[in-house]
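Structure data follow from work21.cif (mmCIF, C-alpha atoms and all ligand atoms; chains and numbers go by the auth columns):
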data_model
#
loop_
_atom_site.group_PDB
_atom_site.id
_atom_site.type_symbol
_atom_site.label_atom_id
_atom_site.label_comp_id
_atom_site.label_asym_id
_atom_site.label_seq_id
_atom_site.Cartn_x
_atom_site.Cartn_y
_atom_site.Cartn_z
_atom_site.B_iso_or_equiv
_atom_site.auth_seq_id
_atom_site.auth_asym_id
ATOM 1 C CA MET A 1 -31.641 -99.216 80.824 0.00 231 A
ATOM 2 C CA HIS A 2 -30.208 -95.751 80.270 0.00 232 A
ATOM 3 C CA ASP A 3 -28.379 -95.041 77.070 0.00 233 A
ATOM 4 C CA ASP A 4 -26.656 -92.241 79.011 0.00 234 A
ATOM 5 C CA ASP A 5 -24.592 -94.911 80.718 0.00 235 A
ATOM 6 C CA LYS A 6 -23.100 -95.989 77.421 0.00 236 A
ATOM 7 C CA LEU A 7 -20.531 -94.292 75.243 0.00 237 A
ATOM 8 C CA SER A 8 -22.046 -92.434 72.346 0.00 238 A
ATOM 9 C CA LEU A 9 -21.837 -94.227 69.026 0.00 239 A
ATOM 10 C CA ASP A 10 -19.402 -91.768 67.451 0.00 240 A
ATOM 11 C CA LEU A 11 -17.024 -92.437 70.355 0.00 241 A
ATOM 12 C CA VAL A 12 -17.287 -96.173 69.807 0.00 242 A
ATOM 13 C CA TRP A 13 -17.282 -96.663 66.051 0.00 243 A
ATOM 14 C CA GLN A 14 -14.841 -95.314 63.530 0.00 244 A
ATOM 15 C CA ALA A 15 -15.996 -94.207 60.103 0.00 245 A
ATOM 16 C CA ASP A 16 -14.501 -97.382 58.610 0.00 246 A
ATOM 17 C CA GLY A 17 -16.651 -99.570 60.862 0.00 247 A
ATOM 18 C CA HIS A 18 -13.951 -100.547 63.338 0.00 248 A
ATOM 19 C CA LEU A 19 -13.926 -99.770 67.035 0.00 249 A
ATOM 20 C CA THR A 20 -12.250 -96.570 68.235 0.00 250 A
ATOM 21 C CA GLU A 21 -9.349 -96.530 70.645 0.00 251 A
ATOM 22 C CA VAL A 22 -11.792 -95.367 73.306 0.00 252 A
ATOM 23 C CA ALA A 23 -13.922 -98.457 72.784 0.00 253 A
ATOM 24 C CA ILE A 24 -10.878 -100.747 72.684 0.00 254 A
ATOM 25 C CA THR A 25 -9.583 -99.258 75.929 0.00 255 A
ATOM 26 C CA ALA A 26 -12.983 -99.622 77.556 0.00 256 A
ATOM 27 C CA LEU A 27 -13.050 -103.272 76.481 0.00 257 A
ATOM 28 C CA GLY A 28 -9.526 -103.824 77.757 0.00 258 A
ATOM 29 C CA ASP A 29 -10.540 -102.261 81.058 0.00 259 A
ATOM 30 C CA GLY A 30 -13.474 -104.626 81.333 0.00 260 A
ATOM 31 C CA GLU A 31 -15.945 -101.756 81.047 0.00 261 A
ATOM 32 C CA VAL A 32 -18.154 -103.780 78.755 0.00 262 A
ATOM 33 C CA ALA A 33 -21.267 -102.120 80.144 0.00 263 A
ATOM 34 C CA LEU A 34 -20.146 -98.811 78.642 0.00 264 A
ATOM 35 C CA LEU A 35 -20.226 -100.225 75.154 0.00 265 A
ATOM 36 C CA PRO A 36 -23.305 -100.431 72.975 0.00 266 A
ATOM 37 C CA GLU A 37 -24.730 -103.700 71.759 0.00 267 A
ATOM 38 C CA GLY A 38 -22.588 -105.199 69.066 0.00 268 A
ATOM 39 C CA ALA A 39 -19.257 -103.655 70.051 0.00 269 A
ATOM 40 C CA LEU A 40 -18.091 -106.751 71.917 0.00 270 A
ATOM 41 C CA ALA A 41 -19.289 -109.036 69.169 0.00 271 A
ATOM 42 C CA HIS A 42 -17.400 -106.938 66.644 0.00 272 A
ATOM 43 C CA ALA A 43 -14.191 -107.066 68.726 0.00 273 A
ATOM 44 C CA ALA A 44 -14.526 -110.830 68.881 0.00 274 A
ATOM 45 C CA GLN A 45 -15.108 -111.234 65.166 0.00 275 A
ATOM 46 C CA CYS A 46 -12.881 -108.558 63.700 0.00 276 A
ATOM 47 C CA GLN A 47 -9.212 -109.417 63.284 0.00 277 A
ATOM 48 C CA THR A 48 -8.161 -105.768 63.269 0.00 278 A
ATOM 49 C CA CYS A 49 -10.012 -104.867 66.422 0.00 279 A
ATOM 50 C CA SER A 50 -9.103 -108.027 68.326 0.00 280 A
ATOM 51 C CA SER A 51 -5.424 -107.423 67.657 0.00 281 A
ATOM 52 C CA GLU A 52 -5.885 -103.809 68.795 0.00 282 A
ATOM 53 C CA LEU A 53 -7.497 -105.204 71.922 0.00 283 A
ATOM 54 C CA GLY A 54 -4.520 -107.502 72.411 0.00 284 A
ATOM 55 C CA ARG A 55 -2.118 -104.589 72.048 0.00 285 A
ATOM 56 C CA SER A 56 -4.077 -102.591 74.571 0.00 286 A
ATOM 57 C CA ALA A 57 -4.100 -105.545 77.002 0.00 287 A
ATOM 58 C CA LEU A 58 -0.352 -106.009 76.557 0.00 288 A
ATOM 59 C CA LEU A 59 0.163 -102.323 77.195 0.00 289 A
ATOM 60 C CA SER A 60 -1.648 -102.413 80.521 0.00 290 A
ATOM 61 C CA LEU A 61 0.311 -105.540 81.426 0.00 291 A
ATOM 62 C CA ARG A 62 3.519 -103.662 80.662 0.00 292 A
ATOM 63 C CA VAL A 63 2.385 -100.771 82.844 0.00 293 A
ATOM 64 C CA GLY A 64 1.737 -103.332 85.575 0.00 294 A
ATOM 65 C CA ASP A 65 5.222 -104.739 84.996 0.00 295 A
ATOM 66 C CA ALA A 66 6.777 -101.296 85.303 0.00 296 A
ATOM 67 C CA LEU A 67 4.902 -100.603 88.521 0.00 297 A
ATOM 68 C CA ARG A 68 5.852 -104.006 89.848 0.00 298 A
ATOM 69 C CA GLU A 69 9.473 -103.397 88.944 0.00 299 A
ATOM 70 C CA GLN A 70 9.352 -100.144 90.852 0.00 300 A
ATOM 71 C CA ALA A 71 7.794 -101.792 93.891 0.00 301 A
ATOM 72 C CA ALA A 72 10.414 -104.519 93.749 0.00 302 A
ATOM 73 C CA GLU A 73 13.130 -101.888 93.562 0.00 303 A
ATOM 74 C CA GLY A 74 11.832 -100.335 96.769 0.00 304 A
ATOM 75 C CA ALA A 75 11.584 -103.725 98.433 0.00 305 A
ATOM 76 C CA ARG A 76 15.133 -104.547 97.367 0.00 306 A
ATOM 77 C CA GLN A 77 16.456 -101.472 99.119 0.00 307 A
ATOM 78 C CA VAL A 78 14.689 -102.399 102.328 0.00 308 A
ATOM 79 C CA VAL A 79 15.445 -106.096 102.291 0.00 309 A
ATOM 80 C CA ARG A 80 19.001 -106.436 101.045 0.00 310 A
ATOM 81 C CA GLU A 81 19.175 -110.174 100.938 0.00 311 A
ATOM 82 C CA SER A 82 19.931 -112.646 98.173 0.00 312 A
ATOM 83 C CA ALA A 83 19.114 -111.003 94.872 0.00 313 A
ATOM 84 C CA ALA A 84 16.455 -113.266 93.462 0.00 314 A
ATOM 85 C CA PRO A 85 16.677 -113.417 89.677 0.00 315 A
ATOM 86 C CA ARG A 86 13.641 -111.654 88.352 0.00 316 A
ATOM 87 C CA GLY A 87 13.719 -111.216 84.661 0.00 317 A
ATOM 88 C CA PRO A 88 10.517 -110.130 82.962 0.00 318 A
ATOM 89 C CA LEU A 89 8.352 -113.162 82.389 0.00 319 A
ATOM 90 C CA PRO A 90 6.973 -113.517 78.887 0.00 320 A
ATOM 91 C CA LEU A 91 4.045 -115.490 80.291 0.00 321 A
ATOM 92 C CA PRO A 92 1.530 -112.619 80.379 0.00 322 A
ATOM 93 C CA ALA A 93 2.213 -112.061 76.715 0.00 323 A
ATOM 94 C CA ILE A 94 1.733 -115.764 76.071 0.00 324 A
ATOM 95 C CA GLY A 95 -1.500 -115.626 78.023 0.00 325 A
ATOM 96 C CA VAL A 96 -2.758 -112.721 75.948 0.00 326 A
ATOM 97 C CA ALA A 97 -1.773 -114.554 72.791 0.00 327 A
ATOM 98 C CA LEU A 98 -3.804 -117.530 73.962 0.00 328 A
ATOM 99 C CA VAL A 99 -6.790 -115.336 74.681 0.00 329 A
ATOM 100 C CA LEU A 100 -6.428 -113.806 71.244 0.00 330 A
ATOM 101 C CA SER A 101 -6.447 -117.243 69.702 0.00 331 A
ATOM 102 C CA ALA A 102 -9.631 -117.852 71.668 0.00 332 A
ATOM 103 C CA LEU A 103 -10.911 -114.578 70.218 0.00 333 A
ATOM 104 C CA GLY A 104 -10.068 -115.988 66.817 0.00 334 A
ATOM 105 C CA ALA A 105 -12.353 -118.906 67.616 0.00 335 A
ATOM 106 C CA ALA A 106 -15.038 -116.516 68.755 0.00 336 A
ATOM 107 C CA PRO A 107 -16.701 -115.757 65.413 0.00 337 A
ATOM 108 C CA SER A 108 -18.080 -119.269 65.162 0.00 338 A
ATOM 109 C CA LEU A 109 -18.928 -118.987 68.814 0.00 339 A
ATOM 110 C CA ALA A 110 -20.821 -115.738 68.427 0.00 340 A
ATOM 111 C CA ALA A 111 -22.513 -116.988 65.299 0.00 341 A
ATOM 112 C CA GLY A 112 -23.495 -120.198 67.071 0.00 342 A
ATOM 113 C CA ALA A 113 -25.561 -119.005 69.980 0.00 343 A
ATOM 114 C CA GLY A 114 -26.586 -115.876 71.858 0.00 344 A
ATOM 115 C CA GLY A 115 -26.134 -117.620 75.188 0.00 345 A
ATOM 116 C CA LEU A 116 -22.508 -118.327 74.397 0.00 346 A
ATOM 117 C CA HIS A 117 -21.979 -114.723 73.428 0.00 347 A
ATOM 118 C CA GLU A 118 -23.093 -113.680 76.885 0.00 348 A
ATOM 119 C CA ARG A 119 -20.871 -116.275 78.477 0.00 349 A
ATOM 120 C CA TRP A 120 -17.944 -114.995 76.428 0.00 350 A
ATOM 121 C CA ALA A 121 -18.682 -111.434 77.534 0.00 351 A
ATOM 122 C CA ALA A 122 -18.766 -112.529 81.148 0.00 352 A
ATOM 123 C CA LEU A 123 -15.526 -114.495 80.764 0.00 353 A
ATOM 124 C CA TRP A 124 -13.737 -111.619 79.090 0.00 354 A
ATOM 125 C CA HIS A 125 -14.974 -109.210 81.718 0.00 355 A
ATOM 126 C CA ALA A 126 -13.925 -111.454 84.601 0.00 356 A
ATOM 127 C CA CYS A 127 -10.542 -112.040 83.011 0.00 357 A
ATOM 128 C CA SER A 128 -9.681 -108.408 82.406 0.00 358 A
ATOM 129 C CA VAL A 129 -10.884 -107.386 85.847 0.00 359 A
ATOM 130 C CA VAL A 130 -8.723 -110.052 87.464 0.00 360 A
ATOM 131 C CA VAL A 131 -5.647 -109.043 85.483 0.00 361 A
ATOM 132 C CA ARG A 132 -6.157 -105.347 86.194 0.00 362 A
ATOM 133 C CA THR A 133 -6.733 -106.037 89.863 0.00 363 A
ATOM 134 C CA GLY A 134 -3.558 -108.092 89.899 0.00 364 A
ATOM 135 C CA CYS A 135 -1.595 -105.270 88.324 0.00 365 A
ATOM 136 C CA ALA A 136 -3.066 -102.755 90.748 0.00 366 A
ATOM 137 C CA ILE A 137 -2.168 -104.907 93.735 0.00 367 A
ATOM 138 C CA ALA A 138 1.316 -105.442 92.356 0.00 368 A
ATOM 139 C CA GLY A 139 1.688 -101.708 91.736 0.00 369 A
ATOM 140 C CA SER A 140 0.666 -100.841 95.274 0.00 370 A
ATOM 141 C CA GLY A 141 3.238 -103.257 96.632 0.00 371 A
ATOM 142 C CA ALA A 142 0.719 -104.447 99.212 0.00 372 A
ATOM 143 C CA LEU A 143 1.531 -108.079 98.533 0.00 373 A
ATOM 144 C CA SER A 144 5.259 -107.824 97.997 0.00 374 A
ATOM 145 C CA GLY A 145 5.684 -111.515 98.711 0.00 375 A
ATOM 146 C CA TRP A 146 3.313 -112.308 95.853 0.00 376 A
ATOM 147 C CA LEU A 147 4.848 -109.937 93.362 0.00 377 A
ATOM 148 C CA THR A 148 6.759 -112.577 91.465 0.00 378 A
ATOM 149 C CA ALA A 149 3.745 -114.875 91.430 0.00 379 A
ATOM 150 C CA LEU A 150 1.319 -112.342 89.968 0.00 380 A
ATOM 151 C CA PRO A 151 2.378 -112.613 86.312 0.00 381 A
ATOM 152 C CA TRP A 152 2.033 -116.363 86.608 0.00 382 A
ATOM 153 C CA ILE A 153 -1.374 -116.092 88.224 0.00 383 A
ATOM 154 C CA SER A 154 -2.506 -113.642 85.556 0.00 384 A
ATOM 155 C CA ALA A 155 -1.187 -115.869 82.808 0.00 385 A
ATOM 156 C CA VAL A 156 -2.811 -118.983 84.286 0.00 386 A
ATOM 157 C CA LEU A 157 -6.135 -117.151 84.579 0.00 387 A
ATOM 158 C CA LEU A 158 -5.889 -116.002 80.976 0.00 388 A
ATOM 159 C CA VAL A 159 -5.129 -119.526 79.827 0.00 389 A
ATOM 160 C CA MET A 160 -8.038 -120.852 81.877 0.00 390 A
ATOM 161 C CA VAL A 161 -10.387 -118.336 80.298 0.00 391 A
ATOM 162 C CA GLY A 162 -9.109 -119.338 76.873 0.00 392 A
ATOM 163 C CA LEU A 163 -9.666 -122.980 77.679 0.00 393 A
ATOM 164 C CA GLY A 164 -13.108 -122.179 79.052 0.00 394 A
ATOM 165 C CA VAL A 165 -14.055 -120.558 75.777 0.00 395 A
ATOM 166 C CA ALA A 166 -12.664 -123.483 73.824 0.00 396 A
ATOM 167 C CA VAL A 167 -14.563 -125.984 75.964 0.00 397 A
ATOM 168 C CA ALA A 168 -17.775 -123.959 75.722 0.00 398 A
ATOM 169 C CA ARG A 169 -17.349 -123.824 71.979 0.00 399 A
ATOM 170 C CA GLY A 170 -16.708 -127.555 71.728 0.00 400 A
ATOM 171 C CA ARG A 171 -19.733 -128.297 73.845 0.00 401 A
ATOM 172 C CA GLN A 172 -21.865 -126.031 71.692 0.00 402 A
ATOM 173 C CA LEU A 173 -20.600 -127.736 68.543 0.00 403 A
ATOM 174 C CA SER A 174 -21.396 -131.171 69.895 0.00 404 A
ATOM 175 C CA LEU A 175 -24.829 -129.953 70.991 0.00 405 A
ATOM 176 C CA ASN A 176 -25.444 -128.614 67.539 0.00 406 A
ATOM 177 C CA GLY A 177 -24.072 -131.658 65.808 0.00 407 A
ATOM 178 C CA GLY A 178 -25.356 -134.349 68.167 0.00 408 A
ATOM 179 C CA MET A 179 -29.029 -133.459 68.137 0.00 409 A
HETATM 180 ZN ZN ZN B . -12.995 -104.002 63.528 0.00 501 A
#
Would you put the structure from the file into structure tokens?
Ligand SMILES: [Zn+2]
Amino acid sequence: MHDDDKLSLDLVWQADGHLTEVAITALGDGEVALLPEGALAHAAQCQTCSSELGRSALLSLRVGDALREQAAEGARQVVRESAAPRGPLPLPAIGVALVLSALGAAPSLAAGAGGLHERWAALWHACSVVVRTGCAIAGSGALSGWLTALPWISAVLLVMVGLGVAVARGRQLSLNGGM
């Protein structure tokens, strides 16, 4: 394991003990491997940093929306058929809110077991990668037929991740309590 692969501590931690914007962005991008031990756990436990993380996630969703809108605009000029109503769906935002509520549940999770912490990291990573990939695909316009479905898919994935965390947490609680 090379520490060179990770961000240096002064890039990750602010003087007040919270994560820097660099670290938050790296988390939002799913670049968990760049972050030193403890950064993810802090983001999960700290209200300030988890809401920063949510803002950053929302921002990249909005960028995806803008790109998608642009791609749709191009498609509309080519295919001038029935103008399908396509207002911005609030679902991605709802999905992020759900994930954040899962993040809110994370402190007990992280405190409970190291194994769960790793599972949470993997879930978060998978989730952000999927959402970013979705936005990238939407932005490229490669799947124009799927454009309207992507926010839904992203939102469903986010909800599933949130549920996964909740289920994992419940299972851990019953393991702890039942034995
Ligand atoms: Zn913090």
Hits from the PyMOL selection byres (((not hetatm)) within 9 of (chain A and resi 501)), listed as a count of residues only: 17
Padding of 5 Å on every side, edges along x, y and z, all listed atoms of segment 252-255 of chain A included: what centre and edge lengths in Å, to one decimal, does that box have, as JSON?
{"center_x": -11.8, "center_y": -98.1, "center_z": 74.3, "size_x": 14.3, "size_y": 15.4, "size_z": 13.2}
Minimum-distance residue to Ser290 of chain A, chosen among A:Val386, A:Ala351, A:Gly258, A:Val242 (using only C-alpha atoms): A:Gly258
Gap from atom CA of Glu261 of chain A to atom CA of Ala245 of chain A - Å, one decimal: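 One can read the atom CA of Glu261 of chain A to atom CA of Ala245 of chain A distance as 22.3 Å.
Atom pair atom CA of Arg285 of chain A / atom CA of Leu257 of chain A: separated by 11.9 Å.
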Atom CA of His355 of chain A to atom CA of Ala253 of chain A, straight-line distance in Å: 14.0 Å
Leu237 of chain A surroundings by all atoms listed in the file, 10 Å radius, close-in-sequence under 6 positions cut, as a list of chain:residue names: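 My reading of the contact set: A:Val252, A:Ala253, A:Ala256, A:Ala263, A:Leu264, A:Leu265, A:Pro266.
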Write the residues of the preceding selection, restricted to C-alpha atoms, as an mmCIF file, in the coordinates of the input.
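Contents of the output file result.cif:
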data_model
loop_
_atom_site.group_PDB
_atom_site.id
_atom_site.type_symbol
_atom_site.label_atom_id
_atom_site.label_comp_id
_atom_site.auth_asym_id
_atom_site.auth_seq_id
_atom_site.Cartn_x
_atom_site.Cartn_y
_atom_site.Cartn_z
ATOM 1 C CA VAL A 252 -11.792 -95.367 73.306
ATOM 2 C CA ALA A 253 -13.922 -98.457 72.784
ATOM 3 C CA ALA A 256 -12.983 -99.622 77.556
ATOM 4 C CA ALA A 263 -21.267 -102.120 80.144
ATOM 5 C CA LEU A 264 -20.146 -98.811 78.642
ATOM 6 C CA LEU A 265 -20.226 -100.225 75.154
ATOM 7 C CA PRO A 266 -23.305 -100.431 72.975
#
Repaired coordinates for segment 239-250 of chain A (all heavy atoms) as a tab-separated table (two decimals), in the frame of the given file:
chain	number	residue	atom	x	y	z
A	239	LEU	N	-22.25	-93.39	70.15
A	239	LEU	CA	-21.84	-94.23	69.03
A	239	LEU	C	-20.62	-93.67	68.30
A	239	LEU	O	-19.75	-94.43	67.86
A	239	LEU	CB	-23.00	-94.39	68.05
A	239	LEU	CG	-24.16	-95.23	68.58
A	239	LEU	CD1	-25.25	-95.36	67.53
A	239	LEU	CD2	-23.69	-96.61	69.02
A	240	ASP	N	-20.54	-92.33	68.18
A	240	ASP	CA	-19.40	-91.77	67.45
A	240	ASP	C	-18.10	-91.90	68.24
A	240	ASP	O	-17.01	-91.76	67.68
A	240	ASP	CB	-19.66	-90.31	67.07
A	240	ASP	CG	-19.99	-89.46	68.29
A	240	ASP	OD1	-20.67	-89.95	69.19
A	240	ASP	OD2	-19.54	-88.30	68.34
A	241	LEU	N	-18.23	-92.18	69.55
A	241	LEU	CA	-17.02	-92.44	70.36
A	241	LEU	C	-16.60	-93.89	70.23
A	241	LEU	O	-15.46	-94.25	70.52
A	241	LEU	CB	-17.29	-92.11	71.83
A	241	LEU	CG	-17.11	-90.66	72.24
A	241	LEU	CD1	-17.47	-90.48	73.71
A	241	LEU	CD2	-15.69	-90.20	71.99
A	242	VAL	N	-17.54	-94.73	69.81
A	242	VAL	CA	-17.29	-96.17	69.81
A	242	VAL	C	-16.87	-96.67	68.42
A	242	VAL	O	-15.97	-97.49	68.30
A	242	VAL	CB	-18.54	-96.93	70.29
A	242	VAL	CG1	-18.37	-98.43	70.10
A	242	VAL	CG2	-18.83	-96.61	71.75
A	243	TRP	N	-17.52	-96.14	67.41
A	243	TRP	CA	-17.28	-96.66	66.05
A	243	TRP	C	-16.51	-95.65	65.21
A	243	TRP	O	-16.83	-94.47	65.19
A	243	TRP	CB	-18.61	-96.98	65.36
A	243	TRP	CG	-19.39	-98.03	66.07
A	243	TRP	CD1	-20.50	-97.84	66.84
A	243	TRP	CD2	-19.14	-99.43	66.08
A	243	TRP	NE1	-20.95	-99.04	67.33
A	243	TRP	CE2	-20.13	-100.04	66.88
A	243	TRP	CE3	-18.16	-100.24	65.49
A	243	TRP	CZ2	-20.17	-101.41	67.10
A	243	TRP	CZ3	-18.21	-101.60	65.71
A	243	TRP	CH2	-19.21	-102.17	66.51
A	244	GLN	N	-15.52	-96.14	64.50
A	244	GLN	CA	-14.84	-95.31	63.53
A	244	GLN	C	-15.65	-95.29	62.24
A	244	GLN	O	-16.52	-96.12	62.03
A	244	GLN	CB	-13.45	-95.88	63.22
A	244	GLN	CG	-12.51	-95.87	64.39
A	244	GLN	CD	-11.13	-96.32	63.97
A	244	GLN	OE1	-10.57	-95.82	63.01
A	244	GLN	NE2	-10.59	-97.30	64.69
A	245	ALA	N	-15.28	-94.33	61.37
A	245	ALA	CA	-16.00	-94.21	60.10
A	245	ALA	C	-15.86	-95.48	59.26
A	245	ALA	O	-16.76	-95.84	58.51
A	245	ALA	CB	-15.46	-93.00	59.33
A	246	ASP	N	-14.72	-96.18	59.41
A	246	ASP	CA	-14.50	-97.38	58.61
A	246	ASP	C	-15.15	-98.63	59.22
A	246	ASP	O	-14.95	-99.74	58.73
A	246	ASP	CB	-13.00	-97.61	58.39
A	246	ASP	CG	-12.26	-97.79	59.72
A	246	ASP	OD1	-12.92	-97.84	60.77
A	246	ASP	OD2	-11.02	-97.88	59.68
A	247	GLY	N	-15.92	-98.44	60.30
A	247	GLY	CA	-16.65	-99.57	60.86
A	247	GLY	C	-15.92	-100.31	61.96
A	247	GLY	O	-16.47	-101.24	62.55
A	248	HIS	N	-14.69	-99.91	62.25
A	248	HIS	CA	-13.95	-100.55	63.34
A	248	HIS	C	-14.17	-99.78	64.63
A	248	HIS	O	-14.67	-98.66	64.63
A	248	HIS	CB	-12.46	-100.60	63.02
A	248	HIS	CG	-12.12	-101.56	61.93
A	248	HIS	ND1	-12.43	-102.91	61.99
A	248	HIS	CD2	-11.51	-101.37	60.73
A	248	HIS	CE1	-12.01	-103.49	60.89
A	248	HIS	NE2	-11.47	-102.58	60.10
A	249	LEU	N	-13.78	-100.41	65.73
A	249	LEU	CA	-13.93	-99.77	67.04
A	249	LEU	C	-12.86	-98.69	67.23
A	249	LEU	O	-11.74	-98.83	66.74
A	249	LEU	CB	-13.80	-100.82	68.14
A	249	LEU	CG	-14.92	-101.84	68.20
A	249	LEU	CD1	-14.57	-102.97	69.15
A	249	LEU	CD2	-16.22	-101.18	68.65
A	250	THR	N	-13.21	-97.63	67.94
A	250	THR	CA	-12.25	-96.57	68.24
A	250	THR	C	-11.33	-97.02	69.36
A	250	THR	O	-11.58	-98.02	70.03
A	250	THR	CB	-12.96	-95.29	68.69
A	250	THR	OG1	-13.69	-95.61	69.88
A	250	THR	CG2	-13.90	-94.79	67.64
